[in-house]
file entry26.txt (compact mmCIF, C-alpha atoms and all ligand atoms)
# COMPACT_ATOMS: atom_id res chain seq x y z
CA MET P 6 27.63 -59.64 -17.51
CA LYS P 7 24.28 -58.93 -19.13
CA ASP P 8 22.68 -61.61 -21.22
CA VAL P 9 20.65 -60.91 -24.36
CA HIS P 10 18.12 -63.58 -25.32
CA LEU P 11 15.85 -63.69 -28.37
CA ILE P 12 12.34 -65.12 -28.48
CA VAL P 13 11.01 -65.06 -32.04
CA ASN P 14 7.23 -64.92 -31.96
CA GLY P 15 4.02 -64.48 -33.91
CA MET P 16 2.87 -64.75 -37.49
CA VAL P 17 5.26 -62.07 -38.72
CA GLN P 18 8.22 -63.47 -36.75
CA GLY P 19 8.83 -60.52 -34.44
CA ASN P 20 11.86 -60.37 -32.18
CA CYS P 21 11.21 -60.13 -28.45
CA TRP P 22 14.52 -59.42 -26.68
CA ILE P 23 15.16 -60.20 -23.02
CA VAL P 24 18.07 -58.28 -21.52
CA GLY P 25 19.05 -59.19 -18.00
CA GLU P 26 21.61 -59.56 -15.28
CA ASN P 27 21.55 -60.63 -11.63
CA GLN P 28 17.99 -61.98 -11.61
CA GLU P 29 16.53 -58.80 -13.15
CA CYS P 30 15.63 -58.14 -16.76
CA TYR P 31 13.93 -55.91 -19.28
CA ILE P 32 11.56 -57.31 -21.91
CA ILE P 33 11.69 -55.47 -25.23
CA ASP P 34 8.75 -55.81 -27.66
CA PRO P 35 6.59 -58.71 -26.46
CA GLY P 36 4.60 -58.99 -29.69
CA ASP P 37 2.86 -62.36 -29.48
CA GLU P 38 2.97 -65.82 -27.86
CA ALA P 39 2.81 -64.39 -24.34
CA ASN P 40 3.05 -67.84 -22.72
CA LYS P 41 6.31 -68.63 -24.46
CA ILE P 42 7.79 -65.31 -23.30
CA ILE P 43 6.43 -65.58 -19.75
CA SER P 44 7.64 -69.13 -19.18
CA TRP P 45 11.15 -68.41 -20.46
CA VAL P 46 11.48 -65.28 -18.33
CA GLU P 47 10.11 -67.05 -15.25
CA ARG P 48 12.75 -69.74 -15.61
CA HIS P 49 15.62 -67.25 -15.85
CA TYR P 50 14.78 -64.12 -13.88
CA ALA P 51 13.15 -63.24 -10.57
CA LYS P 52 12.09 -59.76 -11.56
CA VAL P 53 11.10 -57.85 -14.71
CA LYS P 54 12.13 -54.20 -14.31
CA ALA P 55 9.97 -53.03 -17.22
CA ILE P 56 8.62 -53.79 -20.65
CA LEU P 57 10.15 -51.43 -23.21
CA LEU P 58 8.45 -50.89 -26.58
CA THR P 59 10.34 -49.71 -29.66
CA HIS P 60 7.06 -48.62 -31.30
CA GLY P 61 3.32 -49.18 -31.30
CA HIS P 62 2.72 -51.86 -33.93
CA PHE P 63 0.82 -55.00 -32.92
CA ASP P 64 3.70 -57.33 -33.74
CA HIS P 65 5.76 -55.56 -31.07
CA CYS P 66 3.11 -54.97 -28.37
CA GLY P 67 0.47 -57.65 -28.87
CA ALA P 68 1.48 -59.64 -25.79
CA VAL P 69 1.91 -56.62 -23.48
CA ASP P 70 -1.29 -57.15 -21.47
CA GLU P 71 -0.52 -60.76 -20.56
CA VAL P 72 3.19 -60.24 -19.92
CA ALA P 73 2.67 -57.08 -17.83
CA GLU P 74 -0.03 -58.87 -15.83
CA ALA P 75 2.25 -61.85 -15.19
CA PHE P 76 5.18 -59.78 -13.90
CA LYS P 77 3.38 -56.70 -12.52
CA CYS P 78 5.88 -54.48 -14.29
CA PRO P 79 5.56 -51.03 -15.87
CA VAL P 80 5.32 -50.64 -19.66
CA TYR P 81 7.04 -47.78 -21.48
CA ILE P 82 6.38 -46.44 -24.97
CA ASP P 83 6.91 -43.15 -26.79
CA PHE P 84 3.52 -41.48 -26.50
CA GLN P 85 3.58 -40.41 -30.15
CA ASP P 86 2.82 -44.06 -30.94
CA LEU P 87 -0.21 -44.36 -28.65
CA VAL P 88 -2.32 -43.74 -31.74
CA TYR P 89 -1.57 -47.27 -32.96
CA ILE P 90 -2.92 -48.95 -29.86
CA GLY P 91 -5.65 -46.57 -28.81
CA THR P 92 -7.65 -45.37 -31.78
CA PRO P 93 -8.65 -48.17 -34.12
CA THR P 94 -9.10 -46.07 -37.25
CA LYS P 95 -5.48 -45.02 -37.53
CA LYS P 96 -3.83 -48.32 -36.79
CA ALA P 97 -1.40 -49.54 -39.40
CA SER P 98 -1.82 -53.08 -38.23
CA GLU P 99 -5.55 -53.20 -38.77
CA ALA P 100 -5.33 -52.25 -42.43
CA LEU P 101 -2.62 -54.79 -43.08
CA PHE P 102 -3.38 -57.82 -41.01
CA GLY P 103 -6.88 -57.40 -39.64
CA VAL P 104 -5.55 -57.26 -36.10
CA ASP P 105 -7.45 -54.97 -33.76
CA LEU P 106 -5.08 -54.18 -30.90
CA VAL P 107 -6.24 -52.12 -27.95
CA LEU P 108 -4.10 -52.55 -24.84
CA LYS P 109 -5.72 -52.50 -21.41
CA THR P 110 -2.49 -52.03 -19.49
CA PRO P 111 -1.78 -48.42 -18.46
CA LEU P 112 1.27 -47.26 -20.41
CA LYS P 113 4.03 -44.96 -19.19
CA SER P 114 5.82 -42.40 -21.33
CA LEU P 115 9.44 -43.08 -22.23
CA ALA P 116 10.02 -39.42 -21.37
CA ASP P 117 9.72 -40.55 -17.74
CA PHE P 118 11.90 -43.66 -18.07
CA LYS P 119 15.16 -43.61 -16.11
CA ASP P 120 18.07 -46.04 -16.18
CA ASP P 121 21.59 -44.58 -16.21
CA ASN P 122 22.75 -47.38 -18.46
CA ILE P 123 20.06 -46.95 -21.11
CA THR P 124 19.71 -44.11 -23.60
CA VAL P 125 16.43 -43.77 -25.47
CA LEU P 126 17.09 -42.41 -28.96
CA LYS P 127 14.26 -41.03 -31.07
CA THR P 128 14.53 -42.86 -34.41
CA PRO P 129 11.30 -41.99 -36.27
CA GLY P 130 10.50 -42.91 -39.86
CA HIS P 131 8.78 -46.29 -39.50
CA THR P 132 6.39 -44.62 -37.05
CA PRO P 133 6.58 -41.14 -35.44
CA GLY P 134 7.27 -42.62 -31.99
CA SER P 135 9.86 -45.22 -33.00
CA VAL P 136 12.83 -45.37 -30.63
CA THR P 137 16.13 -47.21 -30.28
CA PHE P 138 17.28 -48.39 -26.85
CA LEU P 139 21.03 -48.13 -26.31
CA PHE P 140 22.45 -50.28 -23.50
CA LYS P 141 25.80 -48.61 -22.93
CA ASP P 142 27.51 -51.28 -20.81
CA ILE P 143 27.08 -54.04 -23.40
CA LYS P 144 27.24 -51.74 -26.44
CA ALA P 145 23.87 -52.89 -27.70
CA ALA P 146 21.25 -51.07 -29.77
CA PHE P 147 17.68 -52.37 -29.93
CA THR P 148 16.47 -50.73 -33.11
CA GLY P 149 12.90 -52.01 -33.52
CA ASP P 150 11.70 -51.56 -37.10
CA CYS P 151 14.12 -48.76 -37.94
CA LEU P 152 17.32 -50.64 -38.73
CA PHE P 153 17.47 -54.35 -39.62
CA LYS P 154 20.59 -56.35 -40.35
CA TYR P 155 19.97 -56.48 -44.10
CA SER P 156 17.37 -53.78 -44.68
CA ILE P 157 15.21 -51.12 -43.02
CA GLY P 158 11.64 -50.85 -41.78
CA ARG P 159 8.78 -49.85 -44.04
CA THR P 160 7.92 -46.19 -44.37
CA ASP P 161 4.72 -46.61 -46.41
CA LEU P 162 2.47 -47.41 -43.44
CA PRO P 163 0.36 -44.72 -41.69
CA GLY P 164 2.71 -42.31 -39.87
CA GLY P 165 5.76 -43.47 -41.83
CA ASP P 166 8.17 -40.91 -43.26
CA TYR P 167 11.06 -41.80 -45.56
CA ASN P 168 13.05 -38.62 -44.93
CA GLU P 169 12.79 -39.07 -41.18
CA MET P 170 13.89 -42.67 -41.66
CA LEU P 171 17.00 -41.61 -43.53
CA ALA P 172 17.85 -39.11 -40.80
CA SER P 173 17.41 -41.82 -38.14
CA LEU P 174 19.60 -44.25 -40.09
CA LYS P 175 22.26 -41.62 -40.55
CA PHE P 176 22.29 -41.13 -36.80
CA LEU P 177 22.46 -44.88 -36.07
CA ALA P 178 25.26 -45.20 -38.63
CA SER P 179 27.41 -43.13 -36.28
CA LEU P 180 27.47 -45.98 -33.74
CA PRO P 181 30.91 -47.60 -33.43
CA ASP P 182 31.78 -50.85 -35.23
CA ASP P 183 31.66 -52.88 -32.02
CA TYR P 184 28.02 -52.05 -31.25
CA MET P 185 25.61 -54.97 -31.65
CA ILE P 186 22.35 -54.22 -33.46
CA TYR P 187 19.34 -56.17 -32.17
CA PRO P 188 16.48 -55.43 -34.60
CA GLY P 189 12.72 -55.98 -34.44
CA HIS P 190 12.91 -58.59 -37.22
CA GLU P 191 15.78 -60.52 -38.84
CA PRO P 192 18.91 -61.67 -36.96
CA ALA P 193 21.24 -59.50 -34.90
CA GLY P 194 24.54 -58.26 -36.28
CA SER P 195 27.45 -56.06 -35.31
CA MET P 196 27.66 -52.54 -36.69
CA LYS P 197 30.82 -53.63 -38.44
CA GLU P 198 29.09 -56.52 -40.26
CA ILE P 199 26.15 -54.33 -41.19
CA ALA P 200 28.23 -51.40 -42.36
CA TYR P 201 30.66 -53.43 -44.48
CA GLY P 202 28.13 -53.87 -47.23
CA LEU P 203 25.29 -55.99 -45.83
CA ASN P 204 23.02 -53.00 -45.42
CA PRO P 205 23.30 -50.36 -48.13
CA TYR P 206 21.52 -47.73 -46.05
CA ILE P 207 24.13 -47.93 -43.31
CA SER P 208 27.14 -48.47 -45.58
CA ALA P 209 26.42 -45.13 -47.21
CA TYR P 210 26.73 -43.21 -43.93
CA HIS P 211 28.95 -45.22 -41.62
CA LYS P 212 32.55 -44.16 -41.01
CA HIS P 213 34.56 -47.16 -39.88
CA HIS P 214 36.05 -46.74 -36.46
ZN ZN Y 1 6.48 -51.97 -37.02

call {"tool": "encode", "arguments": {"input": "entry26.txt", "output": "structure tokens"}}
result
Amino acid sequence: MKDVHLIVNGMVQGNCWIVGENQECYIIDPGDEANKIISWVERHYAKVKAILLTHGHFDHCGAVDEVAEAFKCPVYIDFQDLVYIGTPTKKASEALFGVDLVLKTPLKSLADFKDDNITVLKTPGHTPGSVTFLFKDIKAAFTGDCLFKYSIGRTDLPGGDYNEMLASLKFLASLPDDYMIYPGHEPAGSMKEIAYGLNPYISAYHKHH
């Protein structure tokens, strides 16, 4: 059975999720504190299949270079979000936190990512290239900064779009009650918990089933 492990990291308390089974794992959103992430993964897994990024903000990708170097693994991101890590002038993170993130690691497009168990859903609104990773076997959704347990991601940063966000949330609200939501910040929660009132954005759309 797959194991999902959380490593909270960095000054804005980002969630780095490790999802693994049988000595192999994926690392989702290594934002900061690379050493903490690397040492935990080394102790629990022999191989990192890939680093998967929900979007291009520094608090989700800041540790990519060190972690990818340590495990010699590919890194996937939606290429619409390359703007946040390639061209300094348009980076949301720079304006907000004074962080200048330019990754050296070559990045691969999520359009080329293949795992029969994982569906990559486009869930824009926080950024144009924001995605949600659905792990079908464990009924898990890694939602990045789209859907949190109690709230939603900001749409007032460069590239954000409130109407796109609502459309993405409406889509995520169609996930069954027994799906677990693993967000980019805040704790995890089941769709049922979230939809029964904790998150007004989801409650409005979700049909209980
Ligand atoms: Zn973000």

call {"tool": "closest_residue", "arguments": {"input": "entry26.txt", "among": "P:Tyr50, P:Phe63, P:Tyr210, P:Phe147", "to": "Gly36 of chain P", "atoms": "all atoms listed in the file"}}
result
P:Phe63

call {"tool": "closest_atom_pairs", "arguments": {"input": "entry26.txt", "of": "chain P", "to": "ligand ZN 1 (chain Y)", "cutoff": "8 Å", "atoms": "only C-alpha atoms and all ligand atoms", "output": "Markdown table"}}
result
| residue | atom | partner | partner_atom | distance |
| --- | --- | --- | --- | --- |
| P:His60 | CA | Y:ZN1 | ZN | 6.7 |
| P:Gly61 | CA | Y:ZN1 | ZN | 7.1 |
| P:His62 | CA | Y:ZN1 | ZN | 4.9 |
| P:Phe63 | CA | Y:ZN1 | ZN | 7.6 |
| P:Asp64 | CA | Y:ZN1 | ZN | 6.9 |
| P:His65 | CA | Y:ZN1 | ZN | 7.0 |
| P:His131 | CA | Y:ZN1 | ZN | 6.6 |
| P:Thr132 | CA | Y:ZN1 | ZN | 7.4 |
| P:Gly149 | CA | Y:ZN1 | ZN | 7.3 |
| P:Asp150 | CA | Y:ZN1 | ZN | 5.2 |
| P:Gly158 | CA | Y:ZN1 | ZN | 7.1 |
| P:Arg159 | CA | Y:ZN1 | ZN | 7.7 |
| P:Gly189 | CA | Y:ZN1 | ZN | 7.9 |

call {"tool": "atom_distance", "arguments": {"input": "entry26.txt", "atom1": "atom CA of Ile23 of chain P", "atom2": "atom CA of Ala172 of chain P"}}
result
27.7 Å

call {"tool": "residues_near_point", "arguments": {"input": "entry26.txt", "point": "(7.3, -59.4, -19.5)", "cutoff": "7 Å", "atoms": "only C-alpha atoms", "output": "PyMOL selection string"}}
result
chain P and resi 32+43+53+56+72-73+76

call {"tool": "residues_around", "arguments": {"input": "entry26.txt", "residues": "Pro133 of chain P", "least_positions_apart": "4", "cutoff": "9 Å", "atoms": "only C-alpha atoms", "output": "PyMOL selection string"}}
result
chain P and resi 60+83+85-86+127-129+164-166+169

call {"tool": "atom_distance", "arguments": {"input": "entry26.txt", "atom1": "atom CA of Val107 of chain P", "atom2": "atom CA of Ala39 of chain P"}}
result
15.7 Å

call {"tool": "atom_distance", "arguments": {"input": "entry26.txt", "atom1": "atom CA of Tyr201 of chain P", "atom2": "atom CA of Leu58 of chain P"}}
result
28.6 Å

call {"tool": "residues_near_point", "arguments": {"input": "entry26.txt", "point": "(4.5, -62.7, -31.2)", "cutoff": "8 Å", "atoms": "all atoms listed in the file", "output": "list in words"}}
result
Val13, Asn14, Gly15, Met16, Val17, Gln18, Gly19, Asn20, Cys21, Pro35, Gly36, Asp37, Glu38, Ala39, Asp64, His65, Gly67 and Ala68 of chain P

call {"tool": "closest_residue", "arguments": {"input": "entry26.txt", "among": "P:Leu174, P:Cys66, P:Val80, P:Met6", "to": "Ser114 of chain P", "atoms": "all atoms listed in the file"}}
result
P:Val80

call {"tool": "closest_residue", "arguments": {"input": "entry26.txt", "among": "P:Ile42, P:Leu106, P:Val69, P:Leu180", "to": "Ala55 of chain P", "atoms": "all atoms listed in the file"}}
result
P:Val69

call {"tool": "closest_residue", "arguments": {"input": "entry26.txt", "among": "P:Glu26, P:Asp182, P:Asp34, P:Asp8", "to": "Tyr81 of chain P", "atoms": "all atoms listed in the file"}}
result
P:Asp34

call {"tool": "closest_residue", "arguments": {"input": "entry26.txt", "among": "P:Glu74, P:Ile157, P:His49, P:Val136", "to": "Thr110 of chain P", "atoms": "all atoms listed in the file"}}
result
P:Glu74

call {"tool": "closest_residue", "arguments": {"input": "entry26.txt", "among": "P:Phe153, P:Met170, P:Phe176, P:Ala209", "to": "Ser195 of chain P", "atoms": "all atoms listed in the file"}}
result
P:Phe153

call {"tool": "residues_around", "arguments": {"input": "entry26.txt", "residues": "Asp142 of chain P", "least_positions_apart": "4", "cutoff": "12 Å", "atoms": "only C-alpha atoms", "output": "PDB file with C-alpha atoms, in the frame of the given file"}}
result
ATOM      1  CA  MET P   6      27.630 -59.640 -17.510  1.00  0.00           C
ATOM      2  CA  LYS P   7      24.280 -58.930 -19.130  1.00  0.00           C
ATOM      3  CA  ASP P   8      22.680 -61.610 -21.220  1.00  0.00           C
ATOM      4  CA  VAL P  24      18.070 -58.280 -21.520  1.00  0.00           C
ATOM      5  CA  GLY P  25      19.050 -59.190 -18.000  1.00  0.00           C
ATOM      6  CA  GLU P  26      21.610 -59.560 -15.280  1.00  0.00           C
ATOM      7  CA  ASP P 120      18.070 -46.040 -16.180  1.00  0.00           C
ATOM      8  CA  ASP P 121      21.590 -44.580 -16.210  1.00  0.00           C
ATOM      9  CA  ASN P 122      22.750 -47.380 -18.460  1.00  0.00           C
ATOM     10  CA  ILE P 123      20.060 -46.950 -21.110  1.00  0.00           C
ATOM     11  CA  THR P 124      19.710 -44.110 -23.600  1.00  0.00           C
ATOM     12  CA  ALA P 146      21.250 -51.070 -29.770  1.00  0.00           C
ATOM     13  CA  TYR P 184      28.020 -52.050 -31.250  1.00  0.00           C
ATOM     14  CA  MET P 185      25.610 -54.970 -31.650  1.00  0.00           C
TER      15      MET P 185
END

call {"tool": "build_atoms", "arguments": {"input": "entry26.txt", "residues": "segment 71-95 of chain P", "atoms": "N, CA and C atoms", "output": "PDB file, in the coordinates of the input"}}
result
ATOM      1  N   GLU P  71      -0.762 -59.516 -21.311  1.00  0.00           N
ATOM      2  CA  GLU P  71      -0.520 -60.760 -20.560  1.00  0.00           C
ATOM      3  C   GLU P  71       0.826 -60.750 -19.846  1.00  0.00           C
ATOM      4  N   VAL P  72       1.846 -60.228 -20.523  1.00  0.00           N
ATOM      5  CA  VAL P  72       3.190 -60.240 -19.920  1.00  0.00           C
ATOM      6  C   VAL P  72       3.257 -59.249 -18.746  1.00  0.00           C
ATOM      7  N   ALA P  73       2.660 -58.079 -18.907  1.00  0.00           N
ATOM      8  CA  ALA P  73       2.670 -57.080 -17.830  1.00  0.00           C
ATOM      9  C   ALA P  73       1.876 -57.588 -16.626  1.00  0.00           C
ATOM     10  N   GLU P  74       0.780 -58.297 -16.908  1.00  0.00           N
ATOM     11  CA  GLU P  74      -0.030 -58.870 -15.830  1.00  0.00           C
ATOM     12  C   GLU P  74       0.751 -59.953 -15.081  1.00  0.00           C
ATOM     13  N   ALA P  75       1.483 -60.762 -15.812  1.00  0.00           N
ATOM     14  CA  ALA P  75       2.250 -61.850 -15.190  1.00  0.00           C
ATOM     15  C   ALA P  75       3.347 -61.329 -14.277  1.00  0.00           C
ATOM     16  N   PHE P  76       4.008 -60.251 -14.662  1.00  0.00           N
ATOM     17  CA  PHE P  76       5.180 -59.780 -13.900  1.00  0.00           C
ATOM     18  C   PHE P  76       4.923 -58.499 -13.118  1.00  0.00           C
ATOM     19  N   LYS P  77       3.724 -57.945 -13.237  1.00  0.00           N
ATOM     20  CA  LYS P  77       3.380 -56.700 -12.520  1.00  0.00           C
ATOM     21  C   LYS P  77       4.447 -55.627 -12.746  1.00  0.00           C
ATOM     22  N   CYS P  78       4.819 -55.444 -13.983  1.00  0.00           N
ATOM     23  CA  CYS P  78       5.880 -54.480 -14.290  1.00  0.00           C
ATOM     24  C   CYS P  78       5.316 -53.315 -15.103  1.00  0.00           C
ATOM     25  N   PRO P  79       5.997 -52.160 -15.046  1.00  0.00           N
ATOM     26  CA  PRO P  79       5.560 -51.030 -15.870  1.00  0.00           C
ATOM     27  C   PRO P  79       5.877 -51.241 -17.343  1.00  0.00           C
ATOM     28  N   VAL P  80       5.142 -50.532 -18.203  1.00  0.00           N
ATOM     29  CA  VAL P  80       5.320 -50.640 -19.660  1.00  0.00           C
ATOM     30  C   VAL P  80       5.572 -49.236 -20.211  1.00  0.00           C
ATOM     31  N   TYR P  81       6.676 -49.088 -20.934  1.00  0.00           N
ATOM     32  CA  TYR P  81       7.040 -47.780 -21.480  1.00  0.00           C
ATOM     33  C   TYR P  81       6.979 -47.757 -22.999  1.00  0.00           C
ATOM     34  N   ILE P  82       6.442 -46.649 -23.526  1.00  0.00           N
ATOM     35  CA  ILE P  82       6.380 -46.440 -24.970  1.00  0.00           C
ATOM     36  C   ILE P  82       6.479 -44.936 -25.230  1.00  0.00           C
ATOM     37  N   ASP P  83       6.966 -44.548 -26.394  1.00  0.00           N
ATOM     38  CA  ASP P  83       6.910 -43.150 -26.790  1.00  0.00           C
ATOM     39  C   ASP P  83       5.447 -42.798 -27.071  1.00  0.00           C
ATOM     40  N   PHE P  84       4.949 -41.771 -26.413  1.00  0.00           N
ATOM     41  CA  PHE P  84       3.520 -41.480 -26.500  1.00  0.00           C
ATOM     42  C   PHE P  84       3.057 -41.047 -27.895  1.00  0.00           C
ATOM     43  N   GLN P  85       3.993 -40.706 -28.774  1.00  0.00           N
ATOM     44  CA  GLN P  85       3.580 -40.410 -30.150  1.00  0.00           C
ATOM     45  C   GLN P  85       3.011 -41.645 -30.837  1.00  0.00           C
ATOM     46  N   ASP P  86       3.317 -42.826 -30.320  1.00  0.00           N
ATOM     47  CA  ASP P  86       2.820 -44.060 -30.940  1.00  0.00           C
ATOM     48  C   ASP P  86       1.558 -44.611 -30.272  1.00  0.00           C
ATOM     49  N   LEU P  87       1.010 -43.877 -29.306  1.00  0.00           N
ATOM     50  CA  LEU P  87      -0.210 -44.360 -28.650  1.00  0.00           C
ATOM     51  C   LEU P  87      -1.344 -44.501 -29.661  1.00  0.00           C
ATOM     52  N   VAL P  88      -1.279 -43.728 -30.726  1.00  0.00           N
ATOM     53  CA  VAL P  88      -2.320 -43.740 -31.740  1.00  0.00           C
ATOM     54  C   VAL P  88      -2.536 -45.139 -32.325  1.00  0.00           C
ATOM     55  N   TYR P  89      -1.460 -45.949 -32.352  1.00  0.00           N
ATOM     56  CA  TYR P  89      -1.570 -47.270 -32.960  1.00  0.00           C
ATOM     57  C   TYR P  89      -2.270 -48.288 -32.056  1.00  0.00           C
ATOM     58  N   ILE P  90      -2.297 -47.983 -30.755  1.00  0.00           N
ATOM     59  CA  ILE P  90      -2.920 -48.950 -29.860  1.00  0.00           C
ATOM     60  C   ILE P  90      -4.139 -48.390 -29.143  1.00  0.00           C
ATOM     61  N   GLY P  91      -4.506 -47.160 -29.482  1.00  0.00           N
ATOM     62  CA  GLY P  91      -5.650 -46.570 -28.810  1.00  0.00           C
ATOM     63  C   GLY P  91      -6.827 -46.263 -29.716  1.00  0.00           C
ATOM     64  N   THR P  92      -6.558 -45.761 -30.901  1.00  0.00           N
ATOM     65  CA  THR P  92      -7.650 -45.370 -31.780  1.00  0.00           C
ATOM     66  C   THR P  92      -7.671 -46.255 -33.031  1.00  0.00           C
ATOM     67  N   PRO P  93      -8.618 -47.149 -33.081  1.00  0.00           N
ATOM     68  CA  PRO P  93      -8.650 -48.170 -34.120  1.00  0.00           C
ATOM     69  C   PRO P  93      -8.545 -47.662 -35.556  1.00  0.00           C
ATOM     70  N   THR P  94      -9.066 -46.501 -35.849  1.00  0.00           N
ATOM     71  CA  THR P  94      -9.100 -46.070 -37.250  1.00  0.00           C
ATOM     72  C   THR P  94      -7.720 -45.778 -37.833  1.00  0.00           C
ATOM     73  N   LYS P  95      -6.781 -45.417 -37.001  1.00  0.00           N
ATOM     74  CA  LYS P  95      -5.480 -45.020 -37.530  1.00  0.00           C
ATOM     75  C   LYS P  95      -4.433 -46.119 -37.443  1.00  0.00           C
TER      76      LYS P  95
END
